[in-house]
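*Asks:* The structure's right below; bear with me while I get my questions together.
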Amino acid sequence: MTFKIGCIVEGDGEVGAVPVLIRRIASDLYPELPLIVERPIRAPRNLVVKADELERRIELAVQKISGKGAIIIILDSDNDCPAELGPALLNRALQTRSDLPIAVVLAKCEFEAWFLAAAQSIRGQRGLNEDIDTPKDPETIRDAKGWLSKRMENSKTYSETRDQPAFAALFDIEQARKADSFDKCYRDIVRLLEELQTVNKQE
């Protein structure tokens, strides 16, 4: 039996990056698990916080996984507190589909902050300078995309659609876990995989 993970994300970059991240973790922990990560559904953050919008996209994700598997929602926290908005969105998600494993992760303040937390592992990649270091408190930096662009050579700028999936394949996951929101993301992905693996062993 093949298991599927449906994803709901915010931006075009995450559409490419989130499946890469999930597959990396899955191949490391459960290489024998027959897993497909479906192409994520985009959900602009200013919409999913509104009534019925998150719920509608969850149902679309459920259709993608044929009603079986798991759902993960990854959004930027922006100016909201992840510890407050995250549980509220998770509660709504579970009310929509309590029959499936679901996780909600809010990157503080944005997905790229996770790359900053592991900056030393992506030195010299995708045009980044060879001497960059992990900044202090990377999750407090506003405009992590701009931080990356300023540290690229030859006037190159960070591209969400091109660089985000590439960095998701390159950055050191253990280094990034020093960022609290990524550590939660990692643990949530592992939890979903463990639940799918349990079902796999029962088949």
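Chain labels A, B, ... are given in the sequence in which chains occur in the structure tokens; within each chain residues are numbered consecutively from 1, and ligands are likewise numbered from 1 in the order shown.
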Could you pull out the strand (DSSP E or B) residues of segment 79-124 of chain A, going by DSSP on the backbone, and write them as a PDB file with N, CA and C atoms, in the first residue's frame?
*Replies:*
```
ATOM      1  N   ILE A 102      -2.924  14.960  11.221  1.00  0.00           N
ATOM      2  CA  ILE A 102      -2.768  16.313  10.709  1.00  0.00           C
ATOM      3  C   ILE A 102      -1.762  17.064  11.572  1.00  0.00           C
ATOM      4  N   ALA A 103      -0.948  17.905  10.943  1.00  0.00           N
ATOM      5  CA  ALA A 103      -0.017  18.767  11.669  1.00  0.00           C
ATOM      6  C   ALA A 103      -0.095  20.173  11.093  1.00  0.00           C
ATOM      7  N   VAL A 104       0.065  21.144  11.973  1.00  0.00           N
ATOM      8  CA  VAL A 104       0.135  22.548  11.570  1.00  0.00           C
ATOM      9  C   VAL A 104       1.438  23.124  12.092  1.00  0.00           C
ATOM     10  N   VAL A 105       2.221  23.715  11.192  1.00  0.00           N
ATOM     11  CA  VAL A 105       3.507  24.310  11.561  1.00  0.00           C
ATOM     12  C   VAL A 105       3.527  25.756  11.084  1.00  0.00           C
ATOM     13  N   LEU A 106       3.921  26.649  11.974  1.00  0.00           N
ATOM     14  CA  LEU A 106       4.101  28.045  11.605  1.00  0.00           C
ATOM     15  C   LEU A 106       5.574  28.402  11.730  1.00  0.00           C
ATOM     16  N   ALA A 107       6.183  28.727  10.601  1.00  0.00           N
ATOM     17  CA  ALA A 107       7.584  29.140  10.616  1.00  0.00           C
ATOM     18  C   ALA A 107       7.676  30.548  11.207  1.00  0.00           C
TER      19      ALA A 107
END
```
*Asks:* Can you tell me which residues surround Met152 of chain A at a distance of at most 6 Å, considering only C-alpha atoms, apart from same-chain residues fewer than 4 positions away, and format the answer as a PyMOL selection string?
*Replies:* chain A and resi 127-129+156
*Asks:* Among chain A, which ones does DSSP assign to alpha helix (DSSP H) (computed from the backbone)? Answer as a short mmCIF file (atom, residue, chain, number, x, y, z; two decimals) with N, CA, C and O atoms, in the first residue's frame.
*Replies:*
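Listing of result_13.cif after writing:
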```cif
data_model
loop_
_atom_site.label_atom_id
_atom_site.label_comp_id
_atom_site.auth_asym_id
_atom_site.auth_seq_id
_atom_site.Cartn_x
_atom_site.Cartn_y
_atom_site.Cartn_z
N ASP A 12 4.80 30.14 -3.43
CA ASP A 12 5.26 29.33 -4.56
C ASP A 12 6.53 28.57 -4.21
O ASP A 12 6.73 27.44 -4.65
N GLY A 13 7.42 29.17 -3.42
CA GLY A 13 8.65 28.49 -3.05
C GLY A 13 8.38 27.25 -2.21
O GLY A 13 9.02 26.22 -2.40
N GLU A 14 7.43 27.36 -1.29
CA GLU A 14 7.10 26.20 -0.45
C GLU A 14 6.48 25.06 -1.24
O GLU A 14 6.59 23.90 -0.85
N VAL A 15 5.82 25.40 -2.35
CA VAL A 15 5.25 24.35 -3.20
C VAL A 15 6.34 23.37 -3.64
O VAL A 15 6.15 22.16 -3.68
N GLY A 16 7.53 23.91 -3.94
CA GLY A 16 8.64 23.04 -4.31
C GLY A 16 9.44 22.54 -3.13
O GLY A 16 9.95 21.42 -3.15
N ALA A 17 9.56 23.37 -2.08
CA ALA A 17 10.47 23.05 -0.97
C ALA A 17 9.91 22.05 0.02
O ALA A 17 10.65 21.19 0.52
N VAL A 18 8.63 22.16 0.36
CA VAL A 18 8.08 21.30 1.40
C VAL A 18 8.13 19.81 1.03
O VAL A 18 8.53 18.98 1.85
N PRO A 19 7.75 19.41 -0.19
CA PRO A 19 7.90 17.99 -0.53
C PRO A 19 9.35 17.51 -0.45
O PRO A 19 9.60 16.37 -0.03
N VAL A 20 10.30 18.36 -0.83
CA VAL A 20 11.72 17.99 -0.73
C VAL A 20 12.08 17.71 0.72
O VAL A 20 12.73 16.71 1.04
N LEU A 21 11.66 18.60 1.60
CA LEU A 21 11.96 18.44 3.02
C LEU A 21 11.35 17.16 3.59
O LEU A 21 12.02 16.39 4.30
N ILE A 22 10.09 16.92 3.28
CA ILE A 22 9.43 15.72 3.80
C ILE A 22 10.09 14.45 3.28
O ILE A 22 10.33 13.50 4.04
N ARG A 23 10.42 14.45 2.00
CA ARG A 23 11.06 13.25 1.42
C ARG A 23 12.43 13.02 2.04
O ARG A 23 12.84 11.86 2.24
N ARG A 24 13.17 14.09 2.33
CA ARG A 24 14.48 13.93 2.98
C ARG A 24 14.34 13.24 4.33
O ARG A 24 15.08 12.30 4.65
N ILE A 25 13.41 13.71 5.12
CA ILE A 25 13.23 13.14 6.46
C ILE A 25 12.72 11.72 6.36
O ILE A 25 13.18 10.82 7.09
N ALA A 26 11.80 11.47 5.44
CA ALA A 26 11.25 10.13 5.28
C ALA A 26 12.30 9.14 4.82
O ALA A 26 12.38 8.00 5.32
N SER A 27 13.15 9.55 3.88
CA SER A 27 14.17 8.63 3.36
C SER A 27 15.22 8.31 4.41
O SER A 27 15.82 7.23 4.40
N ASP A 28 15.41 9.23 5.35
CA ASP A 28 16.39 9.01 6.41
C ASP A 28 15.83 8.09 7.49
O ASP A 28 16.53 7.18 7.97
N LEU A 29 14.58 8.28 7.86
CA LEU A 29 14.01 7.53 8.99
C LEU A 29 13.25 6.28 8.56
O LEU A 29 13.32 5.25 9.24
N ARG A 45 -1.86 33.12 3.29
CA ARG A 45 -2.08 33.15 4.73
C ARG A 45 -3.21 34.08 5.14
O ARG A 45 -3.95 33.82 6.09
N ASN A 46 -3.37 35.20 4.43
CA ASN A 46 -4.42 36.13 4.80
C ASN A 46 -5.81 35.56 4.55
O ASN A 46 -6.81 36.09 5.06
N LEU A 47 -5.88 34.45 3.79
CA LEU A 47 -7.16 33.80 3.55
C LEU A 47 -7.42 32.66 4.53
O LEU A 47 -8.54 32.51 5.02
N VAL A 48 -6.40 31.85 4.80
CA VAL A 48 -6.66 30.65 5.62
C VAL A 48 -7.04 30.98 7.05
O VAL A 48 -7.64 30.15 7.74
N GLU A 53 -11.99 29.00 4.90
CA GLU A 53 -10.96 28.94 3.88
C GLU A 53 -9.97 27.81 4.14
O GLU A 53 -9.63 27.04 3.23
N LEU A 54 -9.49 27.68 5.36
CA LEU A 54 -8.59 26.58 5.70
C LEU A 54 -9.30 25.25 5.52
O LEU A 54 -8.76 24.29 4.97
N GLU A 55 -10.55 25.21 5.98
CA GLU A 55 -11.32 23.98 5.89
C GLU A 55 -11.50 23.52 4.45
O GLU A 55 -11.41 22.32 4.14
N ARG A 56 -11.74 24.48 3.57
CA ARG A 56 -11.94 24.15 2.15
C ARG A 56 -10.66 23.56 1.56
O ARG A 56 -10.70 22.58 0.81
N ARG A 57 -9.53 24.12 1.91
CA ARG A 57 -8.27 23.62 1.38
C ARG A 57 -7.88 22.27 1.98
O ARG A 57 -7.24 21.45 1.32
N ILE A 58 -8.27 22.05 3.21
CA ILE A 58 -8.03 20.73 3.80
C ILE A 58 -8.80 19.67 3.02
O ILE A 58 -8.27 18.59 2.72
N GLU A 59 -10.03 19.96 2.67
CA GLU A 59 -10.82 19.00 1.90
C GLU A 59 -10.21 18.76 0.52
O GLU A 59 -10.23 17.63 0.01
N LEU A 60 -9.62 19.79 -0.07
CA LEU A 60 -8.93 19.61 -1.35
C LEU A 60 -7.71 18.71 -1.18
O LEU A 60 -7.44 17.84 -2.02
N ALA A 61 -6.98 18.91 -0.07
CA ALA A 61 -5.81 18.06 0.20
C ALA A 61 -6.22 16.63 0.44
O ALA A 61 -5.54 15.68 0.01
N VAL A 62 -7.35 16.42 1.11
CA VAL A 62 -7.85 15.07 1.36
C VAL A 62 -8.19 14.38 0.04
O VAL A 62 -7.93 13.19 -0.14
N GLN A 63 -8.75 15.13 -0.90
CA GLN A 63 -9.04 14.56 -2.21
C GLN A 63 -7.75 14.11 -2.90
O GLN A 63 -7.71 13.07 -3.55
N LYS A 64 -6.68 14.90 -2.74
CA LYS A 64 -5.41 14.55 -3.38
C LYS A 64 -4.84 13.25 -2.84
O LYS A 64 -4.17 12.51 -3.57
N PRO A 82 3.36 32.14 16.84
CA PRO A 82 3.10 30.76 16.42
C PRO A 82 2.42 29.92 17.50
O PRO A 82 1.60 29.06 17.19
N ALA A 83 2.75 30.20 18.76
CA ALA A 83 2.18 29.41 19.87
C ALA A 83 0.70 29.68 20.06
O ALA A 83 0.01 28.90 20.74
N GLU A 84 0.21 30.75 19.48
CA GLU A 84 -1.22 31.06 19.59
C GLU A 84 -1.97 30.69 18.31
O GLU A 84 -3.00 30.02 18.35
N LEU A 85 -1.45 31.15 17.17
CA LEU A 85 -2.15 30.89 15.91
C LEU A 85 -2.07 29.42 15.52
O LEU A 85 -3.06 28.85 15.02
N GLY A 86 -0.93 28.78 15.77
CA GLY A 86 -0.77 27.38 15.38
C GLY A 86 -1.82 26.46 15.99
O GLY A 86 -2.52 25.73 15.27
N PRO A 87 -1.99 26.46 17.33
CA PRO A 87 -3.01 25.61 17.94
C PRO A 87 -4.43 25.94 17.47
O PRO A 87 -5.27 25.05 17.34
N ALA A 88 -4.69 27.23 17.20
CA ALA A 88 -6.03 27.61 16.73
C ALA A 88 -6.31 27.00 15.35
O ALA A 88 -7.40 26.47 15.10
N LEU A 89 -5.31 27.06 14.47
CA LEU A 89 -5.48 26.46 13.14
C LEU A 89 -5.55 24.94 13.22
O LEU A 89 -6.33 24.31 12.50
N LEU A 90 -4.76 24.35 14.11
CA LEU A 90 -4.80 22.90 14.27
C LEU A 90 -6.17 22.45 14.76
O LEU A 90 -6.71 21.44 14.30
N ASN A 91 -6.74 23.20 15.68
CA ASN A 91 -8.07 22.86 16.18
C ASN A 91 -9.10 22.88 15.06
O ASN A 91 -9.93 21.97 14.95
N ARG A 92 -9.01 23.89 14.21
CA ARG A 92 -9.92 23.96 13.06
C ARG A 92 -9.68 22.79 12.11
O ARG A 92 -10.64 22.21 11.57
N ALA A 93 -8.42 22.46 11.89
CA ALA A 93 -8.10 21.35 10.98
C ALA A 93 -8.65 20.03 11.51
O ALA A 93 -9.22 19.23 10.75
N LEU A 94 -8.49 19.80 12.81
CA LEU A 94 -8.97 18.54 13.40
C LEU A 94 -10.49 18.47 13.42
O LEU A 94 -11.06 17.38 13.31
N GLN A 95 -11.13 19.61 13.54
CA GLN A 95 -12.59 19.62 13.47
C GLN A 95 -13.07 19.28 12.06
O GLN A 95 -14.16 18.72 11.88
N THR A 96 -12.24 19.61 11.08
CA THR A 96 -12.59 19.32 9.69
C THR A 96 -12.38 17.85 9.36
O THR A 96 -13.23 17.21 8.75
N ALA A 113 13.87 31.52 7.48
CA ALA A 113 14.59 31.63 8.75
C ALA A 113 15.23 30.29 9.11
O ALA A 113 16.26 30.25 9.79
N TRP A 114 14.65 29.20 8.62
CA TRP A 114 15.22 27.87 8.89
C TRP A 114 16.55 27.70 8.15
O TRP A 114 17.45 27.04 8.65
N PHE A 115 16.66 28.31 6.97
CA PHE A 115 17.95 28.27 6.26
C PHE A 115 18.99 29.09 7.01
O PHE A 115 20.16 28.71 7.08
N LEU A 116 18.56 30.22 7.58
CA LEU A 116 19.49 31.05 8.34
C LEU A 116 20.01 30.29 9.56
O LEU A 116 21.18 30.42 9.94
N ALA A 117 19.16 29.48 10.17
CA ALA A 117 19.57 28.71 11.34
C ALA A 117 20.65 27.69 11.00
O ALA A 117 21.41 27.26 11.87
N ALA A 144 14.05 37.37 5.93
CA ALA A 144 15.14 36.40 5.78
C ALA A 144 15.53 36.24 4.32
O ALA A 144 16.70 35.97 4.01
N LYS A 145 14.59 36.43 3.43
CA LYS A 145 14.91 36.37 1.99
C LYS A 145 15.91 37.46 1.63
O LYS A 145 16.87 37.24 0.89
N GLY A 146 15.68 38.66 2.18
CA GLY A 146 16.61 39.76 1.93
C GLY A 146 17.97 39.50 2.54
O GLY A 146 19.00 39.87 1.96
N TRP A 147 17.99 38.86 3.71
CA TRP A 147 19.26 38.52 4.37
C TRP A 147 20.07 37.62 3.45
O TRP A 147 21.29 37.80 3.31
N LEU A 148 19.43 36.66 2.82
CA LEU A 148 20.12 35.76 1.91
C LEU A 148 20.60 36.51 0.66
O LEU A 148 21.73 36.32 0.20
N SER A 149 19.75 37.36 0.12
CA SER A 149 20.11 38.11 -1.09
C SER A 149 21.35 38.98 -0.86
O SER A 149 22.23 39.08 -1.72
N LYS A 150 21.43 39.62 0.30
CA LYS A 150 22.56 40.50 0.60
C LYS A 150 23.87 39.74 0.71
O LYS A 150 24.95 40.34 0.65
N GLU A 160 12.66 32.85 -4.57
CA GLU A 160 11.85 31.91 -3.79
C GLU A 160 11.56 30.63 -4.57
O GLU A 160 11.68 29.53 -4.03
N THR A 161 11.21 30.77 -5.84
CA THR A 161 10.82 29.58 -6.60
C THR A 161 12.00 28.70 -6.98
O THR A 161 11.87 27.49 -7.06
N ARG A 162 13.18 29.31 -7.20
CA ARG A 162 14.34 28.52 -7.60
C ARG A 162 15.19 28.08 -6.41
O ARG A 162 15.63 26.93 -6.32
N ASP A 163 15.45 29.01 -5.50
CA ASP A 163 16.40 28.74 -4.43
C ASP A 163 15.79 28.02 -3.23
O ASP A 163 16.48 27.24 -2.56
N GLN A 164 14.54 28.28 -2.94
CA GLN A 164 13.95 27.65 -1.75
C GLN A 164 13.93 26.13 -1.85
O GLN A 164 14.37 25.44 -0.91
N PRO A 165 13.47 25.53 -2.95
CA PRO A 165 13.53 24.07 -3.04
C PRO A 165 14.97 23.55 -3.03
O PRO A 165 15.24 22.49 -2.44
N ALA A 166 15.89 24.30 -3.66
CA ALA A 166 17.29 23.87 -3.69
C ALA A 166 17.90 23.88 -2.29
O ALA A 166 18.58 22.93 -1.89
N PHE A 167 17.66 24.94 -1.53
CA PHE A 167 18.19 25.00 -0.17
C PHE A 167 17.53 23.96 0.73
O PHE A 167 18.17 23.43 1.65
N ALA A 168 16.27 23.64 0.46
CA ALA A 168 15.59 22.60 1.25
C ALA A 168 16.28 21.25 1.07
O ALA A 168 16.25 20.41 1.97
N ALA A 169 16.90 21.06 -0.08
CA ALA A 169 17.63 19.81 -0.34
C ALA A 169 19.04 19.84 0.23
O ALA A 169 19.65 18.78 0.39
N LEU A 170 19.55 21.03 0.55
CA LEU A 170 20.95 21.18 0.92
C LEU A 170 21.20 21.46 2.41
O LEU A 170 22.22 21.04 2.95
N ILE A 173 19.74 19.63 8.44
CA ILE A 173 18.51 19.56 9.22
C ILE A 173 18.79 19.65 10.72
O ILE A 173 18.06 20.32 11.46
N GLU A 174 19.85 19.00 11.18
CA GLU A 174 20.14 19.05 12.61
C GLU A 174 20.54 20.46 13.05
O GLU A 174 20.17 20.90 14.14
N GLN A 175 21.29 21.16 12.22
CA GLN A 175 21.62 22.55 12.55
C GLN A 175 20.35 23.40 12.62
O GLN A 175 20.18 24.22 13.53
N ALA A 176 19.46 23.19 11.66
CA ALA A 176 18.23 23.99 11.60
C ALA A 176 17.32 23.74 12.79
O ALA A 176 16.53 24.60 13.17
N ASP A 180 13.47 26.94 17.00
CA ASP A 180 12.36 26.25 17.66
C ASP A 180 11.24 25.86 16.70
O ASP A 180 10.69 24.76 16.79
N SER A 181 10.90 26.77 15.76
CA SER A 181 9.78 26.44 14.88
C SER A 181 10.16 25.34 13.90
O SER A 181 9.30 24.52 13.51
N PHE A 182 11.44 25.27 13.50
CA PHE A 182 11.82 24.16 12.63
C PHE A 182 11.88 22.85 13.40
O PHE A 182 11.54 21.79 12.87
N ASP A 183 12.33 22.92 14.65
CA ASP A 183 12.34 21.71 15.47
C ASP A 183 10.94 21.14 15.58
O ASP A 183 10.73 19.93 15.49
N LYS A 184 9.96 22.02 15.76
CA LYS A 184 8.56 21.56 15.80
C LYS A 184 8.15 20.97 14.45
O LYS A 184 7.49 19.93 14.39
N CYS A 185 8.56 21.62 13.37
CA CYS A 185 8.25 21.10 12.04
C CYS A 185 8.81 19.70 11.87
O CYS A 185 8.13 18.79 11.41
N TYR A 186 10.08 19.54 12.24
CA TYR A 186 10.73 18.23 12.13
C TYR A 186 9.97 17.19 12.95
O TYR A 186 9.66 16.10 12.45
N ARG A 187 9.66 17.52 14.19
CA ARG A 187 8.98 16.56 15.06
C ARG A 187 7.58 16.22 14.55
O ARG A 187 7.14 15.07 14.65
N ASP A 188 6.90 17.20 13.98
CA ASP A 188 5.57 16.94 13.43
C ASP A 188 5.64 16.04 12.20
O ASP A 188 4.81 15.13 12.03
N ILE A 189 6.61 16.28 11.34
CA ILE A 189 6.77 15.41 10.17
C ILE A 189 7.09 13.99 10.61
O ILE A 189 6.53 13.02 10.10
N VAL A 190 7.98 13.85 11.59
CA VAL A 190 8.33 12.53 12.11
C VAL A 190 7.09 11.85 12.69
O VAL A 190 6.87 10.65 12.47
N ARG A 191 6.28 12.60 13.41
CA ARG A 191 5.06 12.01 14.00
C ARG A 191 4.12 11.49 12.91
O ARG A 191 3.58 10.38 13.02
N LEU A 192 3.93 12.28 11.87
CA LEU A 192 3.05 11.83 10.78
C LEU A 192 3.62 10.58 10.12
O LEU A 192 2.87 9.63 9.82
N LEU A 193 4.92 10.56 9.91
CA LEU A 193 5.55 9.39 9.29
C LEU A 193 5.44 8.17 10.19
O LEU A 193 5.19 7.05 9.71
N GLU A 194 5.58 8.36 11.49
CA GLU A 194 5.45 7.24 12.43
C GLU A 194 4.04 6.66 12.37
O GLU A 194 3.86 5.43 12.42
N GLU A 195 3.04 7.53 12.29
CA GLU A 195 1.67 7.04 12.21
C GLU A 195 1.43 6.27 10.92
O GLU A 195 0.76 5.22 10.92
N LEU A 196 1.98 6.77 9.82
CA LEU A 196 1.83 6.05 8.55
C LEU A 196 2.60 4.73 8.58
O LEU A 196 2.13 3.72 8.05
N GLN A 197 3.76 4.74 9.21
CA GLN A 197 4.56 3.52 9.31
C GLN A 197 3.84 2.47 10.15
O GLN A 197 3.89 1.28 9.83
N THR A 198 3.15 2.90 11.19
CA THR A 198 2.38 1.96 12.02
C THR A 198 1.30 1.28 11.20
O THR A 198 1.10 0.07 11.28
N VAL A 199 0.62 2.09 10.39
CA VAL A 199 -0.42 1.51 9.52
C VAL A 199 0.22 0.56 8.51
O VAL A 199 -0.31 -0.51 8.21
N ASN A 200 1.38 0.95 7.98
CA ASN A 200 2.07 0.12 7.00
C ASN A 200 2.42 -1.25 7.56
O ASN A 200 2.28 -2.27 6.87
N LYS A 201 2.84 -1.29 8.80
CA LYS A 201 3.20 -2.57 9.42
C LYS A 201 1.98 -3.45 9.68
O LYS A 201 2.09 -4.67 9.74
N GLN A 202 0.83 -2.81 9.80
CA GLN A 202 -0.40 -3.56 10.06
C GLN A 202 -1.01 -4.13 8.81
O GLN A 202 -1.87 -5.01 8.87
#
```
*Asks:* So how far away is atom CA of Glu32 of chain A from atom CA of Arg177 of chain A, in Å?
*Replies:*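 One can read the atom CA of Arg177 of chain A to atom CA of Glu32 of chain A distance as 24.3 Å.
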*Asks:* Could you check the closest approach to Asp131 of chain A for each of A:Glu112, A:Ile8, A:Glu153, A:Glu38 and tell me which residue wins, using only C-alpha atoms?
*Replies:*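 Once distances to Asp131 of chain A are computed over only C-alpha atoms, the minimum belongs to A:Glu153.
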*Asks:* Rounded to one decimal in Å, what is the spacing between atom CA of Thr140 of chain A and atom CA of Ile74 of chain A?
*Replies:* 18.1 Å
*Asks:* Can you measure atom CA of Pro101 of chain A to atom CA of Ala70 of chain A for me? One decimal in Å is fine.
*Replies:*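 Between these atoms lies a distance of 4.9 Å.
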*Asks:* So which one's closest to Lys4 of chain A, A:Cys109, A:Val49, A:Ile72, A:Ile65? Using only C-alpha atoms, please.
*Replies:* A:Ile65
*Asks:* Write out as a list in words the residues lying within 9 Å of Ile122 of chain A, counting only C-alpha atoms and excluding same-chain residues fewer than 2 positions away.
*Replies:*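 The neighbour list is Phe115, Ala118, Ala119, Gln120, Gly124, Gln125, Arg126, Leu128, Glu130, Ile132, Phe167, Leu170, Phe171 and Asp172 of chain A.
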